[in-house]
Amino acid sequence: MAVLNLVQAINQGLQQALAEDDRVLVFGEDVAANGGVFRVTEGLHEQFGETRVFDTPLAESGIVGLAIGLSAYGLRPVAEIQFLGFAYSAIEQIYTHAARIRTRSRGRFSCPLVIRTPYGGGVKAPELHEESSEAFFCHMPGIKVVVPSTPSNAKGLLLAAIQDPDPVIYLEPTRLYRLIKEEVAEEPYLTPLGKARIAQAGDQLTIIAWGSMLERSLRAARNYPAEVIDLLTLSPFDRETILASVQKTGRLLIVQEAPKTGGFGAELAATVAEEGIMSLRAPIMRVTGYDVIPPLPLLADYNLPSEERIVNGIEELLRY
Amino acid sequence: MAVLNLVQAINQGLQQALAEDDRVLVFGEDVAANGGVFRVTEGLHEQFGETRVFDTPLAESGIVGLAIGLSAYGLRPVAEIQFLGFAYSAIEQIYTHAARIRTRSRGRFSCPLVIRTPYGGGVKAPELHEESSEAFFCHMPGIKVVVPSTPSNAKGLLLAAIQDPDPVIYLEPTRLYRLIKEEVAEEPYLTPLGKARIAQAGDQLTIIAWGSMLERSLRAARNYPAEVIDLLTLSPFDRETILASVQKTGRLLIVQEAPKTGGFGAELAATVAEEGIMSLRAPIMRVTGYDVIPPLPLLADYNLPSEERIVNGIEELLRY
Amino acid sequence: MPRETIAQFQIERLEILTPQGEVDAELLPALSDSQFLKLYELLQLTRIADGRALSLQREGRLGTFPSSLGQEASQVGSAFALTAKDWVFPSFRELGVFLSLEYPLSQYYRYWAGDERGMLCPAEMNIFPINIAVGTHLLHAAGVAMGAQYRADPVVAVPYLGDGGTSKGDFHEALNIAGLYRLPLVAICQNNQWAISVSRKSQTATETLAQKVVAFGIKGIQVDGNDVLAVYQATREALDRARNGGGATFIECDTYRMADHTTADDARRYRDSTELESWRDRDPLLRMRRFLEQRGLWDEAEQAALEQTQQQQVDQAVSEAEAMPAPTAEEMFRYTCHELSSRQQEQLKECSDGSP
Amino acid sequence: MPRETIAQFQIERLEILTPQGEVDAELLPALSDSQFLKLYELLQLTRIADGRALSLQREGRLGTFPSSLGQEASQVGSAFALTAKDWVFPSFRELGVFLSLEYPLSQYYRYWAGDERGMLCPAEMNIFPINIAVGTHLLHAAGVAMGAQYRADPVVAVPYLGDGGTSKGDFHEALNIAGLYRLPLVAICQNNQWAISVSRKSQTATETLAQKVVAFGIKGIQVDGNDVLAVYQATREALDRARNGGGATFIECDTYRMADHTTADDARRYRDSTELESWRDRDPLLRMRRFLEQRGLWDEAEQAALEQTQQQQVDQAVSEAEAMPAPTAEEMFRYTCHELSSRQQEQLKECSDGSP
Ligand SMILES: Cc1ncc(C[n+]2csc(CCOP(=O)(O)OP(=O)(O)O)c2C)c(N)n1
Ligand SMILES: Cc1ncc(C[n+]2csc(CCOP(=O)(O)OP(=O)(O)O)c2C)c(N)n1
Ligand SMILES: [Mg+2]
Ligand SMILES: [Mg+2]
């Protein structure tokens with residue numbers, strides 16, 4: 001088994017999907033000769049040629065709309081949006097169409113497409129390159145949202161997303177692209193959507209995180225009796241795993257990189273406040289980005305939840 | 001004082017804003033000669049002429065982008081999006097620009113604009129005409145979200161939104177347009193943003209609702225000792241009023257018309273689970289639209305929270 | 001040579017049939033007499049089915065309905081040129097297209113009665129569901145066209161839009177993509193001069209809509225949209241070009257919305273009756289009927305017989321539509337994704353237990 | 001007359017200065033010698049300040065930086081035609097525009113070092129902050145232009161965009177609006193032949209970008225974007241037209257991105273060095289310098305002196321930029337809205353108490 005980072009694992013997943021299934025097409029801005037601005041699609045254009053892996057014009061609504069048509073026709077488009085911050089102009093295509101064509105046509109047409117996009121902060125990039133607006137997509141019935149956190153689940157989730165009969169937004173935590181390396185099985189495999197993973201077992205506190213915050217939460221939690229849940233799929237999310245953990249630990253800390261108000265952590269907190277409140281012995285706590293516009297690099301560290309803030313949260317909850 | 005419905009109250013507010021301040025411009029699709037598809041802008045084009053009240057091309061991103069430029073220039077645009085379901089293509093302009101220009105320019109430029117749009121279900125309209133996606137906008141730092149619930153607060157909140165120095169999304173509950181009439185003071189007045197209203201006092205249960213669900217919650221709650229909070233401003237929301245009420249009642253029911261998962265009710269629940277959990281004697285409950293695409297008229301009544309569902313929720317909570 | 005002309009463009013207009021039903025024999029599309037008759041029948045059927053929808057709506061048996069009155073030639077002429085394999089992407093005012101492609105009228109009515117099942121397209125045709133978000137569906141056509149190109153499938157993707165739809169950003173993104181990849185796509189724009197209350201002149205400053213596609217390097221043409229033969233001919237040529245690798249075409253059908261925007265609208269609020277009257281002479285049915293009469297293919301008696309048959313056909317569709325059992329709550333959930341989440345399962349249970 | 005030409009369009013290209021610096025006296029814009037010199041100084045300053053940014057980035061003193069190398073004439077020529085009251089809407093590669101308008105270079109550097117304060121525009125000018133979301137800012141220019149029109153304020157709104165920006169839907173919505181209302185707007189498109197790794201030919205099928213505005217009923221022109229006089233002249237004419245109620249213009253500056261897309265890019269991965277080399281002869285600075293030399297306005301010594309002065313000017317800007325105190329957490333909150341919510345106040349407190 002080769003030791004791969006996240007970029008390489010996703011690249012391998014794409015390569016295998018393209019090789020296995022001629023319905024798979026990979027496209028977006030700069031994904032062909034350039035291999036993607038993060039090199040996630042490196043080598044694919046050379047290997048599979050212009051009809052399978054191609055550049056598009058600079059038009060995000062266009063990229064997603066094209067994927068919708070391709071998928072309805074029977075292909076398996078994997079479209080890249082260069083950064084999540086540029087997906088906002090594609091929200092109409094995503095929510096009005098990709099999410100609804102199955103419903104609207106009562107099942108005659110559907111949209112088995114994947115939209116890959118780098119997301120999240122901590123990489124000292126220009127404005128709009130560090131967004132974490134996953135919550136928008138988690139409030140869209142008909143859309144699935146997946147966030148890998150390690151090279152091996154990145155590959156398995158990607159392949160599962162490509163095979164999934166529904167539209168999947170696959171958010172790649174930019175900060176992790178080259179941060180974590182691990183052994184990744186060479187052959188293709190599927191990591192099922194909709195299932196969370198216990199990244200660290202514990203019995204005094206439940207921490208839920210995803211993407212880049214999972215890595216940070218694990219660091220923060222390493223000396224505490226905390227169960228760390230790696231959500232992996234945000235929509236539909238794995239309620240059962242969360243409720244079972246909270247029932248055991250009685251304490252819940254949610255770590256979210258996005259601005260606090262209206263973030264996806266709110267849904268997790270609300271769900272536990274509805275369905276698991278009787279097992280809580282402390283308030284639910286969210287450690288999140290602040291309610292501000294994601295700042296440029298010189299202020300970015302103030303905003304992204306730090307290990308210290310997570311530790312403070314853990315300590316505070318354990319005092320109950 | 002004249003007895004007005006919601007349409008007339010908003011119309012009066014617009015009329016007075018236009019008359020008082022020559023910086024105010026009203027535009028959108030069909031707002032001029034046609035007076036808006038719901039007649040909210042009726043008579044304004046005749047009274048104020050083509051330069052103040054005008055039709056735009058069919059281009060929602062364009063309408064919002066135009067409002068951004070006009071507001072940065074120093075005017076007070078009040079743009080209409082014909083239905084909330086058509087605002088999705090304007091989300092990039094709203095979140096990437098309207099929300100950020102103050103931040104991006106460190107205060108040199110700002111966007112005192114209002115985007116009015118009919119929203120919500122229960123009017124037997126075609127697809128995309130009954131959306132209630134307010135949660136998207138509540139997760140955008142830099143954007144304010146206001147939802148009137150009666151003719152008199154509709155007028156006061158509109159005038160306050162127009163005077164506000166920041167971008168405001170003003171969501172008009174379509175179902176209420178002609179449902180409720182009440183006396184509305186003739187002269188212009190302001191209903192402050194950011195403040196909730198106690199629509200019914202009570203001490204055993206807190207119900208939070210907004211827009212069209214407020215009306216329904218009040219019906220459902222009329223024979224119960226429930227405090228009904230009319231949120232009015234969703235972003236920034238009035239935490240203090242909510243926490244004070246829950247502290248008193250110990251029970252919380254949130255009524256939301258949007259799909260459950262990731263809706264704004266989740267933020268309210270999460271906030272109370274963080275900051276008011278110690279006073280709760282029952283789980284928090286959300287009565288919401290289901291996690292489905294808003295259906296066409298023949299199925300619509302299944303989805304929109306009914307009085308019966310709200311009553312069931314009240315009864316269930318009161319059993320704790 | 002400081003100022004040099006480096007590119008030049010022309011926009012043409014095609015007309016075949018005069019309002020009097022006359023035609024230069026050389027221009028006549030290569031259609032048989034029975035095809036000419038079929039075209040007329042479809043125009044007539046569209047008008048009857050449309051009129052019925054308006055009465056059903058007044059009786060509360062349909063919801064808001066957008067009439068095709070006056071636009072029948074644009075709809076029928078273009079759809080008649082398609083093959084059963086082509087993919088069609090309607091906007092919301094294409095009754096004549098649905099009928100020409102033999103989509104079940106009962107389903108069409110059912111949709112406008114507020115039932116999604118009306119858009120469950122039969123397997124033997126590829127008609128995308130009605131698109132409400134104006135201008136956004138051209139991208140889906142581009143995607144299907146690209147899929148067909150990838151599979152060397154001789155299919156053309158045919159989106160319908162209105163004059164208003166040309167102002168949306170997605171119109172631009174879609175047709176730029178169609179131009180770039182030389183996609184087999186033919187966009188049919190029914191310029192009916194109005195987008196609800198916004199006139200064509202208040203929509204854009206251009207002299208024509210056809211010229212808009214100079215921006216994409218594709219072919220644009222204007223046709224007399226009330227001339228079913230001209231619309232047919234332009235569409236036919238564009239489809240052939242698309243199938244032969246010649247790329248996309250945009251056809252502006254110059255026509256007129258003779259009715260209110262929808263049954264929820266009152267056009268008298270914003271438009272002049274003289275404008276409306278001026279278009280009556282150019283009625284697309286009358287023109288085709290005169291043509292058939294002049295060729296000896298049609299007379300009063302045949303007209304009366306056709307109307308009667310079609311009325312019955314429409315009655316039948318109404319009965320079928322109204323005989324459909326009500327949709328169930330389960331159907332509201334079933335199509336969200338290919339399977340229900342655990343939360344949706346609970347919701348469905350709650351919903352089925354409760355009212356209505 | 002079945003097929004009639006109903007509309008015709010031409011696209012012109014303007015060139016004034018040859019690569020050898022020669023010019024037909026009749027074509028020369030009405031500028032004084034000192035203005036010609038000023039233009040050259042600005043080209044030169046842009047190049048020096050740009051080169052310095054690249055070294056600062058390599059030293060880790062700036063973040064990712066997009067170079068203007070090769071595009072100086074398009075930037076300086078257009079900006080030089082503006083008045084101080086005009087509103088400018090930059091994209092992200094307009095160093096030459098900022099310098100021509102006398103925006104403090106120290107702030108420009110500060111911005112690219114990751115500090116929003118770099119975009120706090122001085123009160124005496126109207127430069128919108130750098131726009132990262134490609135193509136979306138033309139709408140803001142349209143809004144400002146409409147505001148100016150409403151106030152009868154003789155201001156023109158001038159958005160800058162690249163070839164890639166022409167593919168976005170907002171480009172279409174903005175220029176359609178500009179055409180419809182005859183807004184005082186002049187869009188400067190730097191067609192530098194690349195959008196990161198996507199070539200101009202892979203962006204759109206059109207022969208020119210200028211023709212795209214046939215879709216909006218506004219004037220479009222292509223100019224030699226490496227010819228500072230042609231760019232100036234075309235901009236000047238467009239501004240005059242806009243101020244006189246003649247509506248909007250789109251200017252395609254045909255130029256070349258001589259550098260990588262940004263410091264995070266490596267253009268060798270996707271483009272041919274022969275293409276790059278072929279553009280070296282058309283260097284915008286060299287051309288203007290030759291012109292000045294031929295007019296007896298410039299020599300080696302003056303060149304050396306200018307370079308020295310400008311290096312010092314740039315040194316000074318770097319020092320000022322780096323002398324700025326770090327921004328505080330409070331500034332991260334302060335500009336979200338005009339006042340903080342109660343939750344933001346708590347967050348600010350937590351944030352200020354904690355690290356970093
Ligand atoms: C994106 C969008 N914006 C607004 C509407 C509301 N609306 C419905 S039809 C219409 C006018 C459409 O005009 P046009 O494209 O010319 O088609 P027509 O109605 O004339 O057939 C409008 C504004 C919509 N359906 N979609
Ligand atoms: C909407 C959007 N999509 C993608 C990007 C990422 N991106 C940054 S610059 C660029 C290419 C821009 O090309 P062009 O408009 O020609 O400007 P140039 O870089 O050549 O100056 C891309 C794709 C972006 N900034 N905005
Ligand atoms: Mg129309
Ligand atoms: Mg470029």
# chains A, B, ... in the order shown; residues from 1 in each chain; ligands from 1
$ residues_near_ligand --ligand "ligand 3" --cutoff "10 Å" --atoms "only C-alpha atoms and all ligand atoms" --output "list in words"
Arg93, Leu161, Gly162, Asp163, Gly164, Gly165, Thr166, Cys189, Gln190, Asn191, Asn192, Gln193, Trp194, Ala195, Ile196, Ser197, Val198, Ser199, Arg200, Gln203, Thr255, Tyr256, Arg257 and His261 of chain C
$ select_by_dssp --residues "stretch 120-227 of chain D" --states "strand (DSSP E)" --output "PyMOL selection string"
chain D and resi 126-127+157-162+186-191+194-195+198-199+219-224
$ residues_around --residues "A:Ala209" --least-positions-apart "3" --cutoff "9 Å" --atoms "only C-alpha atoms" --output "VMD selection string"
chain A and resid 212 to 217 228 to 232 253 to 256 265
$ interface_residues --of "chain B" --to "chain C" --cutoff "10 Å" --atoms "only C-alpha atoms" --output "number ranges by chain"
B: 29-38, 54-62, 85-86, 88-89, 124-129, 260-261, 288-303, 306, 308-309
$ interface_residues --of "chain B" --to "chain A" --cutoff "9 Å" --atoms "only C-alpha atoms" --output "JSON, numbers by chain"
{"B": [61, 85, 86, 87, 88, 89, 90, 91, 92, 93, 95, 96, 99, 100, 103, 104, 127, 128, 133, 135, 136, 137, 138, 139, 140, 141, 142, 235, 259, 260, 261, 262, 263, 264, 265, 266, 267, 268, 269, 270, 271, 272, 273, 274, 275, 276, 277, 278, 282, 283, 284, 285, 286, 291, 292, 293, 295]}
$ residues_around --residues "B:Gln247" --least-positions-apart "3" --cutoff "7 Å" --atoms "only C-alpha atoms" --output "VMD selection string"
chain B and resid 243 to 244 250 276 279
$ interface_residues --of "chain C" --to "chain D" --cutoff "10 Å" --atoms "only C-alpha atoms" --output "ChimeraX atom specification"
/C:1-17,23-24,27,166-182,201-218,221-224,230
$ atom_distance --atom1 "atom CA of B:Gln8" --atom2 "atom CA of B:Pro173"
13.6 Å
$ atom_distance --atom1 "atom CA of B:Asp203" --atom2 "atom CA of B:Pro225"
5.9 Å
$ residues_around --residues "B:Thr233" --least-positions-apart "2" --cutoff "9 Å" --atoms "only C-alpha atoms" --output "ChimeraX atom specification"
/B:144-148,157,193-196,210,230-231,235-238
$ atom_distance --atom1 "atom CA of C:Phe128" --atom2 "atom CA of A:Arg108"
8.9 Å
$ select_by_dssp --residues "stretch 138-325 of chain D" --states "helix (DSSP H, G or I)" --output "ChimeraX atom specification"
/D:138-150,164-167,169-180,200-203,210-216,228-243,267-269,273-280,284-294,300-323
$ residues_around --residues "B:Pro188" --least-positions-apart "2" --cutoff "8 Å" --atoms "only C-alpha atoms" --output "PDB file with N, CA, C and O atoms, in the first residue's frame"
ATOM      1  N   GLY B  13     -45.603  51.922   2.989  1.00  0.00           N
ATOM      2  CA  GLY B  13     -44.223  52.137   3.434  1.00  0.00           C
ATOM      3  C   GLY B  13     -43.330  52.561   2.274  1.00  0.00           C
ATOM      4  O   GLY B  13     -42.557  53.523   2.374  1.00  0.00           O
ATOM      5  N   GLN B  16     -44.126  56.104   1.191  1.00  0.00           N
ATOM      6  CA  GLN B  16     -43.608  57.134   2.104  1.00  0.00           C
ATOM      7  C   GLN B  16     -42.083  57.243   2.003  1.00  0.00           C
ATOM      8  O   GLN B  16     -41.527  58.342   2.059  1.00  0.00           O
ATOM      9  N   GLY B 156     -43.412  49.228   9.516  1.00  0.00           N
ATOM     10  CA  GLY B 156     -42.337  49.770  10.352  1.00  0.00           C
ATOM     11  C   GLY B 156     -40.992  49.100  10.091  1.00  0.00           C
ATOM     12  O   GLY B 156     -39.951  49.762  10.079  1.00  0.00           O
ATOM     13  N   LEU B 159     -39.581  50.377   6.701  1.00  0.00           N
ATOM     14  CA  LEU B 159     -38.962  51.712   6.781  1.00  0.00           C
ATOM     15  C   LEU B 159     -37.645  51.641   7.548  1.00  0.00           C
ATOM     16  O   LEU B 159     -36.673  52.315   7.193  1.00  0.00           O
ATOM     17  N   ALA B 185     -50.891  52.855  11.423  1.00  0.00           N
ATOM     18  CA  ALA B 185     -50.739  54.304  11.564  1.00  0.00           C
ATOM     19  C   ALA B 185     -50.341  54.914  10.226  1.00  0.00           C
ATOM     20  O   ALA B 185     -49.492  54.378   9.506  1.00  0.00           O
ATOM     21  N   GLU B 186     -50.957  56.032   9.923  1.00  0.00           N
ATOM     22  CA  GLU B 186     -50.758  56.683   8.627  1.00  0.00           C
ATOM     23  C   GLU B 186     -49.328  57.222   8.461  1.00  0.00           C
ATOM     24  O   GLU B 186     -48.696  57.028   7.435  1.00  0.00           O
ATOM     25  N   LEU B 190     -40.866  53.686  12.544  1.00  0.00           N
ATOM     26  CA  LEU B 190     -39.849  52.632  12.453  1.00  0.00           C
ATOM     27  C   LEU B 190     -40.110  51.540  13.482  1.00  0.00           C
ATOM     28  O   LEU B 190     -40.382  51.827  14.651  1.00  0.00           O
TER      29      LEU B 190
END
$ residues_around --residues "A:Val24" --least-positions-apart "6" --cutoff "7 Å" --atoms "only C-alpha atoms" --output "ChimeraX atom specification"
/A:17-18,75-78
$ write_last_selection --atoms "C-alpha atoms" --output "compact mmCIF listing (two decimals), in the first residue's frame"
# COMPACT_ATOMS: atom_id res chain seq x y z
CA ALA A 17 -13.25 5.93 -11.66
CA LEU A 18 -12.28 7.14 -15.13
CA LEU A 75 -23.18 9.90 -17.78
CA ARG A 76 -21.38 10.36 -14.46
CA PRO A 77 -19.92 13.85 -14.46
CA VAL A 78 -17.40 14.85 -11.79
